[in-house]
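Colleague: What follows is target_4.cif, made up of mmCIF, C-alpha atoms and all ligand atoms:
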```cif
data_my_file
#
loop_
_atom_site.group_PDB
_atom_site.id
_atom_site.type_symbol
_atom_site.label_atom_id
_atom_site.label_comp_id
_atom_site.auth_asym_id
_atom_site.auth_seq_id
_atom_site.Cartn_x
_atom_site.Cartn_y
_atom_site.Cartn_z
ATOM 1 C CA MET A 1 -3.109 29.817 9.993
ATOM 2 C CA LEU A 2 -4.272 28.042 6.855
ATOM 3 C CA MET A 3 -3.285 29.265 3.398
ATOM 4 C CA ALA A 4 -5.546 28.223 0.498
ATOM 5 C CA ARG A 5 -4.231 28.790 -3.015
ATOM 6 C CA VAL A 6 -6.501 30.953 -5.215
ATOM 7 C CA ASP A 7 -6.496 32.142 -8.816
ATOM 8 C CA VAL A 8 -6.585 35.944 -8.992
ATOM 9 C CA GLY A 9 -7.971 35.825 -12.534
ATOM 10 C CA LEU A 10 -5.438 37.932 -14.423
ATOM 11 C CA PRO A 11 -6.090 37.903 -18.187
ATOM 12 C CA PHE A 12 -2.994 35.793 -18.889
ATOM 13 C CA PRO A 13 -0.934 33.362 -16.828
ATOM 14 C CA VAL A 14 1.939 35.066 -14.993
ATOM 15 C CA PRO A 15 4.825 32.652 -14.291
ATOM 16 C CA ASN A 16 5.462 31.978 -10.599
ATOM 17 C CA LEU A 17 2.531 34.088 -9.407
ATOM 18 C CA VAL A 18 1.266 32.503 -6.196
ATOM 19 C CA ALA A 19 -1.846 33.834 -4.438
ATOM 20 C CA ALA A 20 -3.516 32.472 -1.318
ATOM 21 C CA ALA A 21 -6.431 33.308 0.938
ATOM 22 C CA TYR A 22 -5.760 33.450 4.669
ATOM 23 C CA ASP A 23 -7.694 34.177 7.840
ATOM 24 C CA GLY A 24 -5.716 36.577 10.029
ATOM 25 C CA ASP A 25 -7.938 35.673 13.014
ATOM 26 C CA GLN A 26 -6.312 32.219 13.018
ATOM 27 C CA TYR A 27 -2.854 33.753 13.379
ATOM 28 C CA GLY A 28 -0.746 32.782 16.391
ATOM 29 C CA PRO A 29 2.981 32.509 17.159
ATOM 30 C CA ALA A 30 2.912 28.830 16.080
ATOM 31 C CA SER A 31 1.792 29.903 12.578
ATOM 32 C CA HIS A 32 5.396 30.842 11.778
ATOM 33 C CA ASP A 33 6.632 27.301 12.445
ATOM 34 C CA ASP A 34 3.622 25.836 10.629
ATOM 35 C CA LEU A 35 4.354 27.861 7.491
ATOM 36 C CA GLY A 36 8.158 27.907 7.771
ATOM 37 C CA VAL A 37 8.563 31.702 7.890
ATOM 38 C CA ALA A 38 10.279 33.381 10.857
ATOM 39 C CA LEU A 39 8.989 36.615 12.375
ATOM 40 C CA PRO A 40 11.667 39.323 11.970
ATOM 41 C CA PRO A 41 12.635 41.117 15.226
ATOM 42 C CA SER A 42 11.475 44.438 13.752
ATOM 43 C CA LEU A 43 7.882 43.107 13.722
ATOM 44 C CA SER A 44 7.888 41.541 17.184
ATOM 45 C CA GLY A 45 5.870 44.456 18.600
ATOM 46 C CA ALA A 46 3.471 44.679 15.652
ATOM 47 C CA VAL A 47 -0.259 43.933 15.963
ATOM 48 C CA SER A 48 -1.424 40.416 15.023
ATOM 49 C CA ARG A 49 -3.041 41.656 11.816
ATOM 50 C CA ARG A 50 0.319 42.990 10.547
ATOM 51 C CA LYS A 51 2.170 39.833 11.602
ATOM 52 C CA ALA A 52 -0.404 37.669 9.821
ATOM 53 C CA ALA A 53 -0.145 39.765 6.630
ATOM 54 C CA TYR A 54 3.655 39.614 6.702
ATOM 55 C CA LEU A 55 3.559 35.854 7.218
ATOM 56 C CA ALA A 56 1.008 35.342 4.430
ATOM 57 C CA GLY A 57 3.026 37.468 1.990
ATOM 58 C CA ARG A 58 6.317 35.763 2.836
ATOM 59 C CA TYR A 59 4.677 32.324 2.620
ATOM 60 C CA CYS A 60 3.469 33.107 -0.929
ATOM 61 C CA ALA A 61 6.945 34.432 -1.755
ATOM 62 C CA MET A 62 8.537 31.145 -0.604
ATOM 63 C CA GLN A 63 6.100 29.165 -2.769
ATOM 64 C CA SER A 64 6.830 31.456 -5.692
ATOM 65 C CA LEU A 65 10.605 31.115 -5.214
ATOM 66 C CA SER A 66 10.243 27.358 -5.040
ATOM 67 C CA GLN A 67 8.165 27.345 -8.234
ATOM 68 C CA ALA A 68 10.938 29.368 -9.895
ATOM 69 C CA GLY A 69 13.418 26.641 -8.917
ATOM 70 C CA HIS A 70 15.063 28.487 -6.034
ATOM 71 C CA PRO A 71 16.054 26.237 -3.108
ATOM 72 C CA LEU A 72 14.206 26.649 0.206
ATOM 73 C CA PRO A 73 14.539 27.684 2.937
ATOM 74 C CA CYS A 74 15.976 31.039 1.967
ATOM 75 C CA ASP A 75 16.178 34.490 3.492
ATOM 76 C CA LEU A 76 13.927 37.238 2.226
ATOM 77 C CA PRO A 77 14.824 40.173 4.497
ATOM 78 C CA ILE A 78 13.077 43.514 4.762
ATOM 79 C CA GLY A 79 15.220 46.058 2.917
ATOM 80 C CA GLU A 80 15.261 49.793 2.380
ATOM 81 C CA ASP A 81 11.893 51.513 2.462
ATOM 82 C CA ARG A 82 10.347 48.122 3.405
ATOM 83 C CA SER A 83 11.168 46.560 0.019
ATOM 84 C CA PRO A 84 11.841 42.805 0.097
ATOM 85 C CA VAL A 85 15.469 41.830 -0.617
ATOM 86 C CA TRP A 86 15.193 39.078 -3.206
ATOM 87 C CA PRO A 87 17.947 36.477 -3.631
ATOM 88 C CA ASP A 88 20.668 37.418 -6.127
ATOM 89 C CA GLY A 89 19.557 37.082 -9.716
ATOM 90 C CA LEU A 90 15.830 37.369 -8.967
ATOM 91 C CA VAL A 91 13.264 40.167 -8.914
ATOM 92 C CA GLY A 92 9.813 39.981 -7.378
ATOM 93 C CA SER A 93 6.916 41.555 -5.569
ATOM 94 C CA ILE A 94 4.593 40.874 -2.630
ATOM 95 C CA THR A 95 1.108 42.100 -1.731
ATOM 96 C CA HIS A 96 -1.412 41.359 1.019
ATOM 97 C CA THR A 97 -4.771 42.837 1.826
ATOM 98 C CA ASP A 98 -7.930 41.752 3.630
ATOM 99 C CA GLY A 99 -7.272 38.018 3.625
ATOM 100 C CA LEU A 100 -5.542 37.739 0.253
ATOM 101 C CA ALA A 101 -1.770 37.515 -0.160
ATOM 102 C CA ALA A 102 0.297 37.022 -3.295
ATOM 103 C CA ALA A 103 3.869 37.035 -4.546
ATOM 104 C CA VAL A 104 5.638 36.728 -7.867
ATOM 105 C CA VAL A 105 9.279 36.279 -8.852
ATOM 106 C CA ALA A 106 11.245 36.160 -12.098
ATOM 107 C CA SER A 107 14.841 35.846 -13.146
ATOM 108 C CA ALA A 108 16.634 39.191 -13.426
ATOM 109 C CA ARG A 109 17.627 37.991 -16.915
ATOM 110 C CA ASP A 110 13.958 38.191 -17.911
ATOM 111 C CA ALA A 111 12.679 41.165 -15.926
ATOM 112 C CA ARG A 112 14.151 44.309 -14.375
ATOM 113 C CA GLY A 113 11.182 44.611 -12.056
ATOM 114 C CA LEU A 114 7.763 43.223 -11.184
ATOM 115 C CA GLY A 115 4.917 44.729 -9.197
ATOM 116 C CA ILE A 116 1.671 43.269 -7.875
ATOM 117 C CA ASP A 117 -1.016 44.836 -5.741
ATOM 118 C CA ALA A 118 -4.327 43.686 -4.275
ATOM 119 C CA GLU A 119 -6.610 46.490 -3.118
ATOM 120 C CA SER A 120 -10.063 46.355 -1.561
ATOM 121 C CA VAL A 121 -12.441 48.752 -3.289
ATOM 122 C CA ILE A 122 -11.758 52.131 -1.695
ATOM 123 C CA GLY A 123 -14.499 54.004 0.165
ATOM 124 C CA VAL A 124 -16.266 56.993 -1.307
ATOM 125 C CA GLU A 125 -14.800 59.515 1.140
ATOM 126 C CA THR A 126 -11.188 58.343 0.627
ATOM 127 C CA CYS A 127 -11.703 58.475 -3.142
ATOM 128 C CA ARG A 128 -12.954 62.029 -2.843
ATOM 129 C CA LEU A 129 -10.010 63.076 -0.653
ATOM 130 C CA LEU A 130 -7.286 61.402 -2.709
ATOM 131 C CA ARG A 131 -8.528 61.589 -6.286
ATOM 132 C CA ASP A 132 -6.510 64.666 -7.303
ATOM 133 C CA GLN A 133 -3.348 63.276 -5.705
ATOM 134 C CA VAL A 134 -3.641 59.888 -7.400
ATOM 135 C CA VAL A 135 -5.459 60.209 -10.736
ATOM 136 C CA CYS A 136 -4.090 62.397 -13.557
ATOM 137 C CA ASP A 137 -6.836 64.429 -15.268
ATOM 138 C CA GLY A 138 -6.510 62.508 -18.518
ATOM 139 C CA GLU A 139 -6.912 59.115 -16.842
ATOM 140 C CA TRP A 140 -10.630 59.608 -16.135
ATOM 141 C CA ARG A 141 -11.326 59.179 -19.865
ATOM 142 C CA PHE A 142 -10.651 55.447 -19.391
ATOM 143 C CA GLY A 143 -13.317 54.792 -16.768
ATOM 144 C CA GLY A 144 -15.666 56.010 -14.102
ATOM 145 C CA ASP A 145 -19.004 57.316 -15.300
ATOM 146 C CA GLY A 146 -19.841 59.596 -12.394
ATOM 147 C CA SER A 147 -21.797 56.935 -10.542
ATOM 148 C CA SER A 148 -20.470 56.268 -7.060
ATOM 149 C CA TRP A 149 -19.637 52.568 -7.572
ATOM 150 C CA SER A 150 -18.074 53.008 -10.996
ATOM 151 C CA ASP A 151 -15.903 55.921 -9.845
ATOM 152 C CA ARG A 152 -14.814 54.051 -6.708
ATOM 153 C CA LEU A 153 -13.920 50.947 -8.706
ATOM 154 C CA PHE A 154 -12.007 52.916 -11.321
ATOM 155 C CA PHE A 155 -10.201 54.989 -8.673
ATOM 156 C CA THR A 156 -9.200 51.748 -6.927
ATOM 157 C CA MET A 157 -7.903 50.291 -10.188
ATOM 158 C CA ILE A 158 -5.765 53.365 -10.910
ATOM 159 C CA PHE A 159 -4.550 53.429 -7.294
ATOM 160 C CA SER A 160 -3.662 49.739 -7.377
ATOM 161 C CA ALA A 161 -2.029 49.994 -10.815
ATOM 162 C CA LYS A 162 0.196 52.784 -9.497
ATOM 163 C CA GLU A 163 1.087 50.812 -6.353
ATOM 164 C CA SER A 164 2.149 47.949 -8.646
ATOM 165 C CA ILE A 165 4.107 50.388 -10.806
ATOM 166 C CA PHE A 166 5.799 51.755 -7.679
ATOM 167 C CA LYS A 167 6.841 48.276 -6.522
ATOM 168 C CA CYS A 168 8.057 47.359 -10.002
ATOM 169 C CA LEU A 169 10.167 50.503 -10.476
ATOM 170 C CA TYR A 170 11.342 51.023 -6.887
ATOM 171 C CA PRO A 171 14.440 48.780 -7.117
ATOM 172 C CA GLN A 172 15.644 50.850 -10.125
ATOM 173 C CA VAL A 173 14.575 54.211 -8.682
ATOM 174 C CA GLY A 174 15.631 53.754 -5.050
ATOM 175 C CA LYS A 175 13.322 56.377 -3.571
ATOM 176 C CA TYR A 176 9.649 57.217 -3.137
ATOM 177 C CA PHE A 177 7.903 58.943 -6.001
ATOM 178 C CA ASP A 178 4.476 60.387 -6.485
ATOM 179 C CA PHE A 179 1.303 58.954 -8.017
ATOM 180 C CA LEU A 180 1.213 61.891 -10.455
ATOM 181 C CA ASP A 181 4.764 61.107 -11.662
ATOM 182 C CA VAL A 182 3.209 58.275 -13.670
ATOM 183 C CA GLU A 183 0.285 58.373 -16.087
ATOM 184 C CA ILE A 184 -1.825 55.545 -17.460
ATOM 185 C CA VAL A 185 -1.783 56.295 -21.199
ATOM 186 C CA ALA A 186 -3.786 53.330 -22.522
ATOM 187 C CA TRP A 187 -6.502 51.236 -20.905
ATOM 188 C CA ASP A 188 -8.340 48.336 -22.535
ATOM 189 C CA ALA A 189 -11.250 46.997 -20.495
ATOM 190 C CA GLU A 190 -11.733 44.075 -22.885
ATOM 191 C CA SER A 191 -8.229 42.620 -22.507
ATOM 192 C CA ARG A 192 -7.921 44.101 -18.985
ATOM 193 C CA ALA A 193 -4.557 45.615 -19.915
ATOM 194 C CA PHE A 194 -3.023 49.049 -19.487
ATOM 195 C CA ARG A 195 0.107 50.926 -20.440
ATOM 196 C CA PHE A 196 1.802 53.562 -18.304
ATOM 197 C CA ARG A 197 4.327 56.312 -18.911
ATOM 198 C CA VAL A 198 6.733 57.931 -16.448
ATOM 199 C CA LEU A 199 6.328 61.724 -16.592
ATOM 200 C CA THR A 200 9.463 62.916 -14.758
ATOM 201 C CA ASP A 201 13.059 61.741 -14.453
ATOM 202 C CA LEU A 202 12.939 59.387 -11.457
ATOM 203 C CA SER A 203 16.532 58.164 -11.585
ATOM 204 C CA ASP A 204 19.303 57.698 -14.122
ATOM 205 C CA ARG A 205 17.707 54.325 -14.910
ATOM 206 C CA VAL A 206 14.084 55.454 -15.163
ATOM 207 C CA SER A 207 13.585 58.710 -16.979
ATOM 208 C CA ALA A 208 10.620 60.625 -18.328
ATOM 209 C CA GLY A 209 9.075 58.791 -21.269
ATOM 210 C CA PHE A 210 9.713 55.276 -19.965
ATOM 211 C CA GLU A 211 6.710 53.047 -20.716
ATOM 212 C CA ALA A 212 5.686 49.521 -19.741
ATOM 213 C CA ASP A 213 2.546 47.412 -19.488
ATOM 214 C CA GLY A 214 0.285 45.982 -16.843
ATOM 215 C CA CYS A 215 -2.973 44.107 -16.483
ATOM 216 C CA TYR A 216 -5.725 43.726 -13.897
ATOM 217 C CA SER A 217 -8.557 41.600 -12.628
ATOM 218 C CA ILE A 218 -11.669 42.460 -10.661
ATOM 219 C CA LEU A 219 -12.423 40.131 -7.744
ATOM 220 C CA PRO A 220 -15.362 40.332 -5.335
ATOM 221 C CA GLY A 221 -14.841 43.651 -3.503
ATOM 222 C CA MET A 222 -11.226 43.885 -4.618
ATOM 223 C CA VAL A 223 -8.969 44.571 -7.597
ATOM 224 C CA PHE A 224 -5.651 42.941 -8.434
ATOM 225 C CA THR A 225 -3.006 44.528 -10.659
ATOM 226 C CA TYR A 226 0.244 43.288 -12.162
ATOM 227 C CA VAL A 227 3.056 45.232 -13.834
ATOM 228 C CA GLY A 228 6.134 43.758 -15.491
ATOM 229 C CA TRP A 229 9.274 45.471 -16.786
ATOM 230 C CA PRO A 230 10.715 42.941 -19.206
ATOM 231 C CA CYS A 231 14.372 42.999 -20.221
ATOM 232 C CA ARG A 232 13.495 42.581 -23.882
ATOM 233 C CA PRO A 233 14.360 45.925 -25.526
ATOM 234 C CA ARG A 234 11.310 45.975 -27.818
ATOM 235 C CA GLN A 235 9.083 46.719 -24.806
ATOM 236 C CA GLU A 236 11.070 49.768 -23.769
ATOM 237 C CA LYS A 237 10.547 53.408 -24.652
ATOM 238 C CA GLY A 238 12.480 56.444 -23.432
ATOM 239 C CA ARG A 239 15.942 56.479 -21.940
ATOM 240 C CA ILE A 240 16.469 53.430 -19.796
ATOM 241 C CA GLY A 241 19.762 52.136 -18.516
ATOM 242 C CA CYS A 242 20.400 48.652 -17.142
HETATM 243 C C1 LIG A 301 5.030 50.372 -0.562
HETATM 244 C C2 LIG A 301 3.577 50.423 -0.939
HETATM 245 C C3 LIG A 301 3.467 50.417 -2.471
HETATM 246 C C4 LIG A 301 2.892 49.199 -0.356
HETATM 247 O O1 LIG A 301 1.590 49.124 -0.803
HETATM 248 P P1 LIG A 301 0.399 48.691 0.188
HETATM 249 O O2 LIG A 301 -0.871 48.705 -0.602
HETATM 250 O O3 LIG A 301 0.488 49.512 1.408
HETATM 251 O O4 LIG A 301 0.697 47.243 0.663
HETATM 252 P P2 LIG A 301 0.697 45.821 -0.089
HETATM 253 O O5 LIG A 301 0.145 44.857 0.868
HETATM 254 O O6 LIG A 301 0.122 45.830 -1.441
HETATM 255 O O7 LIG A 301 2.247 45.555 -0.228
HETATM 256 C C5 LIG A 301 3.024 45.436 0.894
HETATM 257 C C6 LIG A 301 4.315 44.814 0.453
HETATM 258 O O8 LIG A 301 4.932 45.657 -0.519
HETATM 259 C C7 LIG A 301 6.327 45.402 -0.429
HETATM 260 N N1 LIG A 301 7.002 46.690 -0.400
HETATM 261 C C8 LIG A 301 7.026 47.560 0.621
HETATM 262 N N2 LIG A 301 7.782 48.618 0.278
HETATM 263 C C9 LIG A 301 8.235 48.397 -0.958
HETATM 264 C C10 LIG A 301 9.081 49.135 -1.820
HETATM 265 N N3 LIG A 301 9.636 50.305 -1.462
HETATM 266 N N4 LIG A 301 9.352 48.607 -3.036
HETATM 267 C C11 LIG A 301 8.833 47.418 -3.407
HETATM 268 N N5 LIG A 301 8.034 46.660 -2.608
HETATM 269 C C12 LIG A 301 7.740 47.170 -1.402
HETATM 270 C C13 LIG A 301 6.594 44.626 0.843
HETATM 271 O O9 LIG A 301 6.879 43.285 0.516
HETATM 272 C C14 LIG A 301 5.281 44.734 1.571
HETATM 273 O O10 LIG A 301 4.946 43.609 2.365
HETATM 274 P P3 LIG A 301 5.771 43.306 3.722
HETATM 275 O O11 LIG A 301 5.939 44.615 4.405
HETATM 276 O O12 LIG A 301 4.896 42.347 4.457
HETATM 277 O O13 LIG A 301 7.073 42.720 3.252
HETATM 278 C C15 LIG A 301 2.893 51.726 -0.401
HETATM 279 O O14 LIG A 301 2.710 51.605 0.974
HETATM 280 C C16 LIG A 301 3.698 52.959 -0.647
HETATM 281 O O15 LIG A 301 4.429 53.404 0.217
HETATM 282 N N6 LIG A 301 3.634 53.575 -1.836
HETATM 283 C C17 LIG A 301 4.482 54.684 -2.158
HETATM 284 C C18 LIG A 301 3.817 55.716 -2.973
HETATM 285 C C19 LIG A 301 3.329 55.200 -4.280
HETATM 286 O O16 LIG A 301 2.813 54.121 -4.397
HETATM 287 N N7 LIG A 301 3.465 56.018 -5.312
HETATM 288 C C20 LIG A 301 2.930 55.637 -6.585
HETATM 289 C C21 LIG A 301 3.932 55.926 -7.640
HETATM 290 S S1 LIG A 301 3.240 55.648 -9.228
#
```
If you convert what's in this file into structure tokens, what do you get?

Modeller:
Amino acid sequence: MLMARVDVGLPFPVPNLVAAAYDGDQYGPASHDDLGVALPPSLSGAVSRRKAAYLAGRYCAMQSLSQAGHPLPCDLPIGEDRSPVWPDGLVGSITHTDGLAAAVVASARDARGLGIDAESVIGVETCRLLRDQVVCDGEWRFGGDGSSWSDRLFFTMIFSAKESIFKCLYPQVGKYFDFLDVEIVAWDAESRAFRFRVLTDLSDRVSAGFEADGCYSILPGMVFTYVGWPCRPRQEKGRIGC
């Protein structure tokens, strides 16, 4: 299975972000040796599509770790609630969807969490079914003009932003939380940046009022979002413990 590096077009360069296109139809058992990523026993019975996505995500993660100066090979096991277990001293995130995979890592001295998400534009029926479970009422003021395409695109961006937020906060929260526990409170289409606020106490480290920033890009048929929780105190609002 070939992996071809791509630029996901975020509005600013994100250190150690590695993205690659892949063709899951080319996946075979030999792909793991070719790309230097073992198949974990828990996925041995999975369908090829899932194995290919796992391999593509882990391959990007290895490239990202290497770019960050971490020696390879290294283990990147599947942890609680499917979260990747990053090597000590590092935080990171993985995404894969419809032939695009990506990963990013940073030193835990610089970031408490990172989240990335690639999402194909969601279909009209799914948008209709999920909109009230995903989008807070106030968020529609930032986008969607009632036309089918615009609403689908905006719904997908909010959905993806919240998936990135989930991945970024999960290591400090340690449990699942809801899309409506987080609200996008600022959205700037020109700089393709957003700010979010946590609405309920999620853990003793992430309480109501916590805010951080993200950004996005729009690719053909897909959106890509990135969220970072920097250690620098000036970015933080609300009660946050380390
Ligand atoms: C975990 C979740 C975010 C994954 O998103 P997805 O769009 O299905 O899949 P993606 O391809 O973008 O990402 C998959 C990768 O996310 C990572 N991931 C999975 N669970 C994770 C978790 N709990 N924390 C952090 N990263 C996680 C994994 O690396 C996974 O790839 P892998 O299984 O091959 O290792 C999603 O399935 C989910 O369960 N969300 C919970 C509810 C939620 O998002 N609430 C929003 C709160 S604002």

Colleague: Using all atoms listed in the file, pick whichever of A:Ala189, A:Ala56, A:Met62, A:Leu153 has the shortest atom-to-atom distance to ligand LIG 301 (chain A).

Modeller: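 Closest to ligand LIG 301 (chain A), using all atoms listed in the file: A:Ala56.
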
Colleague: List the residues matched by the PyMOL selection byres (((chain A and resi 13-15) around 9) and not hetatm) in the displayed structure as an mmCIF file with C-alpha atoms, in the frame of the given file, ordered by chain and then by residue number.

Modeller:
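The result, written out as selection.cif:
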```
data_model
loop_
_atom_site.group_PDB
_atom_site.id
_atom_site.type_symbol
_atom_site.label_atom_id
_atom_site.label_comp_id
_atom_site.auth_asym_id
_atom_site.auth_seq_id
_atom_site.Cartn_x
_atom_site.Cartn_y
_atom_site.Cartn_z
ATOM 1 C CA GLY A 9 -7.971 35.825 -12.534
ATOM 2 C CA LEU A 10 -5.438 37.932 -14.423
ATOM 3 C CA PRO A 11 -6.090 37.903 -18.187
ATOM 4 C CA PHE A 12 -2.994 35.793 -18.889
ATOM 5 C CA ASN A 16 5.462 31.978 -10.599
ATOM 6 C CA LEU A 17 2.531 34.088 -9.407
ATOM 7 C CA VAL A 18 1.266 32.503 -6.196
ATOM 8 C CA SER A 64 6.830 31.456 -5.692
ATOM 9 C CA GLN A 67 8.165 27.345 -8.234
ATOM 10 C CA ALA A 68 10.938 29.368 -9.895
ATOM 11 C CA VAL A 104 5.638 36.728 -7.867
ATOM 12 C CA VAL A 105 9.279 36.279 -8.852
ATOM 13 C CA ALA A 106 11.245 36.160 -12.098
ATOM 14 C CA TYR A 226 0.244 43.288 -12.162
#
```

Colleague: Given the file shown, enumerate the residues that the PyMOL selection byres (((chain A and resi 161) around 12) and not hetatm) captures and present them as number ranges by chain.

Modeller: A: 114-119, 134-135, 139, 154-160, 162-168, 179, 182-184, 187, 192-196, 212-217, 223-228

Colleague: Listed atoms of ligand LIG 301 (chain A), axis-aligned box, 6 Å per side: centre and edge lengths to one decimal in Å, as lines of an AutoDock Vina configuration file?

Modeller:
```
center_x = 4.4
center_y = 49.2
center_z = -2.4
size_x = 22.5
size_y = 25.7
size_z = 25.7
```

Colleague: With all atoms listed in the file as the basis for distance, which of A:Asp188, A:Asp81, A:Asp7, A:Asp201 is at the shortest distance from ligand LIG 301 (chain A)?

Modeller: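 Ranked by minimum distance to ligand LIG 301 (chain A), first place goes to A:Asp81.
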
Colleague: Using all atoms listed in the file, pick whichever of A:Gly143, A:Gly36, A:Gly99, A:Pro171 has the shortest atom-to-atom distance to Cys74 in chain A.

Modeller: A:Gly36

Colleague: Do you have the CA of Gly138 in chain A-CA of Gln172 in chain A distance handy?

Modeller: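 Separation between CA of Gly138 in chain A and CA of Gln172 in chain A: 26.4 Å.
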
Colleague: Name the closest residue to ligand LIG 301 (chain A) among the candidates A:Trp86, A:Trp229, A:Trp149, A:Phe177; distances are taken between atoms, counting all atoms listed in the file.

Modeller: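 Among A:Trp86, A:Trp229, A:Trp149, A:Phe177, it is A:Phe177 that comes nearest to ligand LIG 301 (chain A).
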
Colleague: Counting only C-alpha atoms and all ligand atoms, which of A:Arg128, A:Arg197, A:Arg152, A:His70 gets nearest to ligand LIG 301 (chain A)?

Modeller: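 Selected residue with least distance to ligand LIG 301 (chain A): A:Arg197.
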
Colleague: Expressed in Å to a single decimal, how great is the separation between CA of Tyr170 in chain A and CA of Pro230 in chain A?

Modeller: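 Spanning CA of Tyr170 in chain A to CA of Pro230 in chain A is a straight-line distance of 14.7 Å.
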